[in-house]
Structure formats: C-alpha cells, structure tokens
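*Asks:* The following file, structure-v2.cif, comprises mmCIF, C-alpha atoms and all ligand atoms:
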```
data_structure
loop_
_atom_site.label_atom_id
_atom_site.label_comp_id
_atom_site.auth_asym_id
_atom_site.auth_seq_id
_atom_site.Cartn_x
_atom_site.Cartn_y
_atom_site.Cartn_z
CA MET C 1 198.21 39.41 -15.22
CA CYS C 2 199.46 35.86 -15.81
CA VAL C 3 196.66 34.40 -13.67
CA GLY C 4 194.08 36.38 -15.65
CA TYR C 5 195.47 35.07 -18.93
CA ALA C 6 195.53 31.48 -17.67
CA ASP C 7 192.00 31.88 -16.38
CA MET C 8 190.83 33.26 -19.71
CA LYS C 9 192.55 30.41 -21.55
CA PHE C 10 190.88 27.87 -19.24
CA LYS C 11 187.47 29.46 -19.81
CA THR C 12 188.00 29.41 -23.59
CA TRP C 13 188.90 25.71 -23.50
CA LYS C 14 185.99 24.95 -21.18
CA THR C 15 183.58 26.74 -23.51
CA PHE C 16 185.10 24.92 -26.49
CA ALA C 17 184.77 21.51 -24.75
CA MET C 18 181.18 22.20 -23.66
CA SER C 19 180.25 23.31 -27.18
CA LEU C 20 181.77 20.15 -28.60
CA VAL C 21 179.81 18.00 -26.14
CA LEU C 22 176.64 19.87 -27.07
CA ILE C 23 177.25 19.34 -30.80
CA VAL C 24 177.96 15.63 -30.21
CA PHE C 25 174.73 15.36 -28.20
CA ILE C 26 172.64 17.08 -30.88
CA VAL C 27 174.09 14.88 -33.65
CA THR C 28 173.41 11.79 -31.53
CA VAL C 29 169.83 12.79 -30.78
CA LEU C 30 169.09 13.61 -34.42
CA SER C 31 170.60 10.36 -35.64
CA SER C 32 168.57 8.38 -33.06
CA CYS C 33 165.39 9.72 -34.67
CA PHE C 34 166.42 8.37 -38.09
CA THR C 35 167.79 5.00 -36.97
CA THR C 36 165.87 2.05 -38.38
CA ARG C 37 163.83 0.49 -35.61
CA THR C 38 164.29 -3.23 -35.13
CA VAL C 39 161.11 -4.84 -33.90
CA THR C 40 161.66 -7.84 -31.71
CA THR C 41 158.94 -10.23 -30.65
CA SER C 42 157.87 -8.98 -27.25
CA SER C 43 154.90 -11.30 -26.76
CA PHE C 44 157.27 -13.54 -24.79
CA VAL C 45 155.83 -14.47 -21.39
CA PRO C 46 158.59 -15.72 -19.10
CA SER C 47 158.15 -18.84 -17.02
CA PHE C 48 160.55 -20.23 -14.45
CA ARG C 49 161.43 -23.65 -13.15
CA ASP C 50 161.84 -24.44 -9.45
CA ARG C 51 165.06 -23.02 -8.01
CA GLU C 52 165.90 -21.35 -11.30
CA TYR C 53 168.56 -18.63 -11.51
CA SER C 54 168.29 -16.66 -14.72
CA ILE C 55 168.60 -13.24 -16.31
CA ILE C 56 166.35 -11.86 -19.04
CA SER C 57 167.65 -8.88 -20.97
CA ILE C 58 164.89 -6.34 -21.51
CA GLY C 59 167.16 -3.75 -23.05
CA HIS C 60 169.53 -0.89 -22.17
CA ALA C 61 170.15 -1.32 -18.40
CA THR C 62 166.85 -3.11 -17.76
CA ALA C 63 167.15 -6.77 -16.82
CA LEU C 64 164.96 -9.21 -14.93
CA ILE C 65 167.06 -11.16 -12.43
CA HIS C 66 165.27 -14.29 -11.25
CA CYS C 67 166.86 -15.77 -8.11
CA ASP C 68 165.00 -18.91 -7.08
CA SER C 69 161.58 -17.35 -6.33
CA VAL C 70 162.71 -13.72 -6.08
CA ASN C 71 162.37 -11.33 -9.04
CA VAL C 72 164.54 -8.22 -9.12
CA LEU C 73 164.16 -5.66 -11.91
CA THR C 74 167.10 -3.37 -12.67
CA ASP C 75 166.75 0.26 -13.86
CA PRO C 76 163.35 -0.33 -15.53
CA ASN C 77 162.88 1.54 -18.78
CA PHE C 78 160.10 0.41 -21.12
CA ASN C 79 159.58 3.89 -22.52
CA ASP C 80 159.84 4.72 -26.21
CA TRP C 81 161.98 7.72 -25.37
CA ALA C 82 164.89 8.40 -23.05
CA THR C 83 164.15 12.11 -22.71
CA ILE C 84 164.64 13.20 -26.33
CA ILE C 85 166.44 10.08 -27.57
CA HIS C 86 164.18 7.69 -29.44
CA ARG C 87 164.27 3.99 -28.64
CA SER C 88 165.81 2.08 -31.53
CA ARG C 89 165.02 -1.46 -30.44
CA GLU C 90 161.90 -2.64 -28.65
CA ALA C 91 161.98 -3.71 -25.03
CA GLY C 92 162.39 -7.49 -24.77
CA LEU C 93 159.28 -7.93 -22.63
CA LYS C 94 155.96 -6.17 -22.39
CA LEU C 95 155.29 -4.63 -19.00
CA GLU C 96 152.14 -6.72 -18.63
CA ASN C 97 154.13 -9.91 -19.16
CA LEU C 98 156.49 -9.32 -16.25
CA PRO C 99 156.18 -11.74 -13.32
CA PRO C 100 155.43 -10.23 -9.87
CA ILE C 101 158.43 -8.07 -9.00
CA ASP C 102 159.86 -8.22 -5.45
CA ALA C 103 162.25 -5.29 -5.80
CA ILE C 104 163.20 -2.62 -8.29
CA VAL C 105 166.82 -1.50 -8.01
CA ILE C 106 167.79 1.89 -9.40
CA SER C 107 171.47 2.60 -10.00
CA HIS C 108 171.16 6.38 -10.38
CA ALA C 109 168.77 9.13 -11.40
CA HIS C 110 169.73 9.75 -15.04
CA ARG C 111 166.60 9.54 -17.12
CA ASP C 112 167.60 6.46 -19.10
CA HIS C 113 167.89 4.57 -15.75
CA LEU C 114 165.18 6.19 -13.64
CA ASP C 115 162.29 6.55 -16.08
CA GLU C 116 159.28 8.26 -14.52
CA TRP C 117 156.68 6.87 -16.96
CA THR C 118 157.94 3.30 -16.55
CA LEU C 119 158.12 3.44 -12.76
CA LYS C 120 154.57 4.79 -12.57
CA GLN C 121 153.31 1.58 -14.24
CA PHE C 122 154.20 -0.44 -11.10
CA PRO C 123 152.17 -0.74 -7.87
CA LYS C 124 152.87 2.11 -5.48
CA ASP C 125 153.83 -0.26 -2.65
CA ILE C 126 156.60 -2.03 -4.59
CA LEU C 127 160.04 -1.99 -2.93
CA VAL C 128 162.32 0.51 -4.69
CA LEU C 129 166.01 0.63 -3.77
CA ILE C 130 167.77 3.81 -4.86
CA SER C 131 170.91 5.73 -3.94
CA LYS C 132 170.80 8.12 -0.97
CA GLY C 133 169.50 11.52 -2.03
CA ASN C 134 167.51 10.21 -5.01
CA GLY C 135 164.54 8.75 -3.10
CA LYS C 136 162.66 12.05 -3.47
CA TYR C 137 161.89 11.22 -7.13
CA PRO C 138 159.97 7.94 -6.67
CA ARG C 139 158.40 9.33 -3.48
CA SER C 140 157.11 12.37 -5.37
CA TRP C 141 155.55 9.95 -7.90
CA GLY C 142 153.58 8.28 -5.07
CA PHE C 143 155.83 5.33 -4.18
CA LYS C 144 155.55 4.43 -0.51
CA ASN C 145 158.21 1.74 -0.07
CA VAL C 146 161.35 3.55 -1.19
CA ARG C 147 164.59 2.62 0.53
CA GLU C 148 167.57 4.93 0.04
CA VAL C 149 170.83 3.01 0.24
CA ASP C 150 174.54 3.66 0.26
CA ALA C 151 177.31 1.36 -0.93
CA TRP C 152 177.37 -1.92 1.06
CA ASP C 153 173.88 -1.44 2.56
CA SER C 154 171.81 -4.59 2.09
CA VAL C 155 168.25 -5.88 2.07
CA VAL C 156 167.13 -9.52 2.36
CA ILE C 157 164.07 -10.86 0.53
CA ARG C 158 163.13 -14.51 1.18
CA GLY C 159 166.77 -15.53 1.60
CA VAL C 160 168.08 -13.49 -1.34
CA THR C 161 170.37 -10.60 -0.35
CA ILE C 162 170.59 -7.41 -2.39
CA VAL C 163 173.74 -5.39 -1.64
CA ALA C 164 174.39 -1.91 -2.99
CA THR C 165 177.88 -1.43 -4.46
CA PRO C 166 179.91 1.66 -5.41
CA ALA C 167 180.19 2.96 -8.98
CA GLN C 168 182.08 5.71 -10.76
CA HIS C 169 179.36 7.85 -12.32
CA SER C 170 177.31 10.94 -11.58
CA GLY C 171 174.30 10.04 -9.47
CA SER C 172 172.34 13.24 -9.97
CA ARG C 173 169.25 13.62 -12.13
CA ASN C 174 170.29 16.88 -13.69
CA LEU C 175 173.60 18.71 -13.86
CA PRO C 176 176.52 17.26 -11.86
CA SER C 177 177.25 19.08 -8.61
CA ALA C 178 179.72 18.75 -5.74
CA ASP C 179 177.14 17.29 -3.32
CA GLU C 180 175.33 15.10 -5.84
CA PRO C 181 173.98 11.68 -4.81
CA LYS C 182 176.19 8.71 -5.65
CA ALA C 183 175.54 6.23 -8.42
CA LEU C 184 175.40 2.59 -7.34
CA GLY C 185 175.48 -0.95 -8.62
CA TYR C 186 173.85 -3.96 -6.91
CA ILE C 187 174.77 -7.52 -6.06
CA VAL C 188 171.88 -10.00 -5.95
CA LYS C 189 172.94 -13.05 -4.00
CA GLY C 190 171.18 -16.35 -3.39
CA GLU C 191 172.82 -19.68 -4.15
CA LYS C 192 174.34 -17.84 -7.10
CA THR C 193 175.58 -14.28 -7.30
CA ILE C 194 174.69 -11.73 -9.95
CA TYR C 195 176.28 -8.28 -10.12
CA PHE C 196 174.57 -5.39 -11.90
CA ALA C 197 176.97 -2.47 -12.45
CA GLY C 198 174.47 0.22 -13.58
CA ASP C 199 176.41 3.01 -15.31
CA THR C 200 180.08 3.33 -14.47
CA GLY C 201 183.54 4.10 -15.72
CA LEU C 202 186.37 1.66 -15.09
CA PHE C 203 187.50 2.15 -11.49
CA ASP C 204 189.43 0.46 -8.68
CA GLY C 205 186.19 -0.26 -6.81
CA PHE C 206 185.70 -3.33 -9.02
CA LYS C 207 188.53 -5.05 -7.10
CA GLU C 208 186.76 -4.54 -3.77
CA ILE C 209 183.44 -5.72 -5.20
CA GLY C 210 185.17 -8.86 -6.54
CA ASP C 211 186.87 -9.44 -3.17
CA ARG C 212 183.56 -9.21 -1.31
CA ALA C 213 181.49 -11.44 -3.60
CA ALA C 214 182.16 -14.50 -5.75
CA ILE C 215 180.38 -13.27 -8.86
CA ASP C 216 178.84 -15.85 -11.17
CA VAL C 217 177.54 -13.32 -13.70
CA ALA C 218 178.38 -9.63 -14.05
CA LEU C 219 176.06 -7.33 -16.00
CA LEU C 220 178.49 -4.69 -17.27
CA PRO C 221 177.74 -1.57 -19.35
CA ILE C 222 179.60 -1.29 -22.66
CA GLY C 223 177.73 1.43 -24.59
CA ALA C 224 177.76 5.23 -24.87
CA TYR C 225 181.54 5.17 -24.66
CA ARG C 226 182.57 7.52 -27.49
CA PRO C 227 184.08 10.12 -27.68
CA ARG C 228 186.55 8.56 -25.27
CA TRP C 229 188.12 11.85 -24.16
CA TYR C 230 184.78 12.84 -22.64
CA MET C 231 183.18 9.49 -21.77
CA LYS C 232 186.05 7.49 -20.31
CA ASP C 233 185.46 8.51 -16.69
CA HIS C 234 181.70 7.97 -16.92
CA HIS C 235 181.03 5.01 -19.23
CA MET C 236 183.08 1.88 -19.87
CA SER C 237 184.14 0.86 -23.34
CA PRO C 238 184.01 -2.83 -24.35
CA GLU C 239 187.78 -3.00 -23.58
CA ASP C 240 187.14 -1.53 -20.12
CA ALA C 241 184.37 -4.07 -19.48
CA VAL C 242 186.78 -6.94 -20.21
CA LYS C 243 189.26 -5.39 -17.72
CA ALA C 244 186.46 -4.94 -15.17
CA MET C 245 185.46 -8.59 -15.56
CA ALA C 246 189.02 -9.59 -14.61
CA MET C 247 189.14 -7.16 -11.66
CA LEU C 248 185.81 -8.52 -10.42
CA LYS C 249 186.99 -12.12 -10.93
CA ALA C 250 183.55 -12.65 -12.48
CA ARG C 251 182.99 -16.10 -13.98
CA ASN C 252 180.73 -14.77 -16.73
CA MET C 253 179.72 -11.44 -18.21
CA ILE C 254 176.58 -10.14 -19.91
CA PRO C 255 177.05 -6.74 -21.57
CA ILE C 256 174.30 -4.16 -20.99
CA HIS C 257 173.67 -0.49 -21.94
CA TRP C 258 173.92 -1.01 -25.70
CA GLY C 259 171.56 -1.46 -28.63
CA SER C 260 168.33 0.19 -27.39
CA PHE C 261 169.06 3.93 -27.17
CA ARG C 262 171.80 5.62 -29.16
CA MET C 263 173.19 7.95 -26.50
CA ALA C 264 176.69 8.73 -27.77
CA LEU C 265 178.83 8.51 -30.88
CA ASP C 266 179.17 4.73 -30.91
CA GLY C 267 176.61 3.03 -33.13
CA LEU C 268 173.81 0.85 -31.83
CA ASP C 269 175.56 -2.49 -32.34
CA GLU C 270 179.12 -1.19 -32.30
CA PRO C 271 179.79 -1.89 -28.59
CA LYS C 272 178.57 -5.49 -28.94
CA ASN C 273 180.59 -6.07 -32.13
CA VAL C 274 183.75 -4.57 -30.62
CA LEU C 275 183.32 -6.76 -27.54
CA LEU C 276 182.82 -9.94 -29.59
CA GLU C 277 185.86 -9.10 -31.72
CA LEU C 278 187.94 -8.56 -28.57
CA VAL C 279 187.17 -11.97 -27.12
CA LYS C 280 186.83 -14.03 -30.30
CA ASN C 281 190.17 -15.86 -30.05
CA ASP C 282 190.18 -16.01 -26.30
CA SER C 283 188.94 -18.45 -23.67
CA LEU C 284 186.80 -15.50 -22.55
CA ARG C 285 184.52 -16.10 -25.56
CA GLU C 286 182.72 -18.86 -23.66
CA ARG C 287 182.26 -16.60 -20.64
CA VAL C 288 180.93 -13.50 -22.41
CA ARG C 289 177.30 -13.93 -23.33
CA VAL C 290 175.58 -11.30 -25.49
CA LEU C 291 171.80 -11.29 -24.97
CA GLU C 292 169.41 -9.70 -27.42
CA ASN C 293 166.38 -7.96 -25.90
CA GLY C 294 164.00 -10.66 -24.68
CA GLU C 295 166.65 -13.37 -24.47
CA LYS C 296 167.12 -15.42 -21.31
CA TYR C 297 170.40 -16.58 -19.78
CA LEU C 298 169.89 -19.64 -17.64
CA MET C 299 172.56 -19.99 -14.96
CA LYS C 300 173.94 -23.45 -14.36
ZN ZN K 401 174.08 7.70 -16.23
ZN ZN K 402 173.05 5.30 -18.90
#
```
Mind turning this structure into structure tokens?
*Replies:*
Amino acid sequence: MCVGYADMKFKTWKTFAMSLVLIVFIVTVLSSCFTTRTVTTSSFVPSFRDREYSIISIGHATALIHCDSVNVLTDPNFNDWATIIHRSREAGLKLENLPPIDAIVISHAHRDHLDEWTLKQFPKDILVLISKGNGKYPRSWGFKNVREVDAWDSVVIRGVTIVATPAQHSGSRNLPSADEPKALGYIVKGEKTIYFAGDTGLFDGFKEIGDRAAIDVALLPIGAYRPRWYMKDHHMSPEDAVKAMAMLKARNMIPIHWGSFRMALDGLDEPKNVLLELVKNDSLRERVRVLENGEKYLMK
C-alpha cells in the first residue's frame, strides 16, 4: 500500500518534471526563432605562421585548433539550425575558407555537436574521432576513416597527439539510456597543449585530466546552464567553468558553447557576461579570453 503510494507520488513528480522540461524547451525554441541575428564578417580566410599554435572560434562548440602544421576541428557545426533551434549568430568562418583539416574530433552525438549536414561537407576520407558506439553515424553518412575512441585512447598526427578524455554528459544521439555511448573531450598536444571539453557538467574527472596534461588553454563550455536544477549535471555554468579551470590547473581558458544557439533559459550573451563579471576583479581576468565567432587566439 505504502509502496504503491510512494510509486504513484514518484510518477507524478517525474511527469511534472518532464512537463516542465518540455515547456522550457518549447519556450527556448520559440524564442530562438525571434532572436535578432547578429551577422559577423565571415569572409575571413585564416593564415598561419610557421610553428604557430592558435585557436579560432567558429561558434558554439566548433573551434579550429592549429598546432604547428596540424589542423584539428572540434564538433563542426556550420548549419543554420541545430535541429529546430535557429542559429542566432553566424559561424565565424565559411566552410570553404577552412584550411585542410587533419582530424575532426566529435565529443558526442547530440545534434548541436554532431551535425549531419556539416559533416557531409567534408571529404569522405577525413579522419573522424568519435566516442565508442557513435561511429555508426558518420559511417552511415559515407565516412571511411572513422576511429571510435574511449577515454585516454590517442592518435598521433605528424608529431601532434590527440588524446580522448572523459566527460560528464550523455553521449547518445537520442534519449539517454543505461548502455549509451560516453561523451568525451580531447587534448591536442604538440609543443603546447589545448584541451577541448565538449559538453560536460562539473566533475572530478577534471582533476585527473589536469594531472595527466599541463594545459596551456582549456576550451570550456559555459552555456545552456539554466534552469540549474535540471542542467547542473549536464552543462557547466560560468561559475562551474572557473572551478573546472582550477581543477585542470589550466593556464588559460576560452569559453565555448555560448552565443550561437539559444538552447536553454540563459540568454545568448548571458553566460559570457556572467563569466566576465565573475573574473573582473581577479587575476583570472588576464587568463580568461572570450572569443567572438571568427576571432583568433594566438598562443605565446
Ligand atoms: Zn550535449
Ligand atoms: Zn551542446
């Protein structure tokens, strides 16, 4: 009798929570369609000096990491839509202006990170690294050089090592399930070390990542963090990203996953503004670098 009542109560709360999430999602999607679009100049054609280490923000979780002569593209999304969410700010580069890409790294299969249309614009023999269990998607789109990786697996390209790292996030394309693939981040290591976190909540794994690599720049997600009661395990807030930076012992941080697609209750620029406010009177201010789409960070 008591168990039945508790069960019923649990189901009622679960239904209530799911309905709330659905309402939040619908409001977010509708508001994304009415957000003023900011057009950035995307005619920028990147060029690189000898032995240059740099990062160009393309928008959302898409960044071009240039390590000496090796170009790594993270979670490429140049699409105008992330499923039904309209892009609010143009990608920082046009696809045709990208340099030759040596590897595409995919953190997980959510549609804002693994965009089918975008991936199909690349040559079918390009190296795609993706978490174990998610390789079936790029393979089904005709990609022949797909490597499924687990945390701490690595690949070396002309002296630059790419290492997969753990993350705290659902790795599946659709609904979460008990046996879903894991989400990953990646370390790109040459003479300097860049860490791309993908999508993640704040978790203890950052300490291990920081112990294993001396990170010069960490690309950490700060957007889609509200409502906190639902998002906190899946997406970091700006406050969480500052904590993660300390756990990672990262020298510098570039926030990602903000400003291009409005995916949750936080506004487009809210995560960036909250982050800047958090570090404004701190020595961290010099080490946190906000990049607009199309802006380059040259590592020294
Ligand atoms: Zn995700
Ligand atoms: Zn995401």
*Asks:* Could you list, with a cut-off of 8 Å and counting all atoms listed in the file, the residues of region 188-284 of chain C near region 94-118 of chain C, each shown with its nearest atom pair and the distance in Å rounded to one decimal, rows sorted by chain and ascending number, as a Markdown table?
*Replies:*
```
| residue | atom | partner | partner_atom | distance |
| --- | --- | --- | --- | --- |
| C:Ala197 | CA | C:Ser107 | CA | 7.9 |
| C:Gly198 | CA | C:Ser107 | CA | 5.2 |
| C:Asp199 | CA | C:Ser107 | CA | 7.3 |
```
*Asks:* Please, which residues have at least one atom within 12 Å of an atom of ligand ZN 402 (chain K), using all atoms listed in the file, listed as a PyMOL selection string?
*Replies:* chain C and resi 59-62+75-77+82-83+85+106-115+169-173+183+197-201+220-225+231+234-236+256-264
*Asks:* Hey, which of C:Ser177, C:Gln168, C:Asn252, C:Ser140 ends up closest to ligand ZN 401 (chain K)? Count all atoms listed in the file.
*Replies:*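 With all atoms listed in the file as the atom set, the closest residue is C:Gln168.
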*Asks:* In Å, with one decimal, what is the gap from CA of Phe206 (chain C) to CA of Ala244 (chain C)?
*Replies:*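 We find that CA of Phe206 (chain C) and CA of Ala244 (chain C) lie 6.4 Å from each other.
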*Asks:* Neighbouring residues of Lys144 (chain C) were defined as those with any atom within 12 Å, considering all atoms listed in the file; residues of the same chain fewer than 4 positions away were excluded. Please report them as a PyMOL selection string.
*Replies:* chain C and resi 122-129+135-140
*Asks:* CA of Ile58 (chain C) and CA of Ala91 (chain C), how far apart in Å?
*Replies:*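 That distance, rounded to one decimal, is 5.3 Å.
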*Asks:* Interatomic distance between CA of Asp68 (chain C) and CA of Val188 (chain C)?
*Replies:*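 These two atoms are separated by 11.3 Å.
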*Asks:* Return the single residue from C:Pro46, C:Gly133, C:Pro176, C:Gly142 that is closest to ligand ZN 401 (chain K), with distances computed using only C-alpha atoms and all ligand atoms.
*Replies:* C:Pro176
*Asks:* Rank nothing, just name the residue among C:Val163, C:Val274, C:Ala250, C:Ile130 nearest to Gly190 (chain C), using only C-alpha atoms.
*Replies:*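 Smallest separation from Gly190 (chain C) among the options: C:Val163.
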*Asks:* Taking all atoms listed in the file into account, which of C:Ala214, C:Val149, C:Ile157, C:Ile65 comes nearest Phe196 (chain C)?
*Replies:*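 Closest residue, counting all atoms listed in the file: C:Ile65.
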*Asks:* When you count only C-alpha atoms and all ligand atoms, which of these residues is closest to ligand ZN 401 (chain K): C:Ala63, C:Leu268, C:Val72, C:Ala167?
*Replies:*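 Nearest candidate to ligand ZN 401 (chain K) out of C:Ala63, C:Leu268, C:Val72, C:Ala167: C:Ala167.
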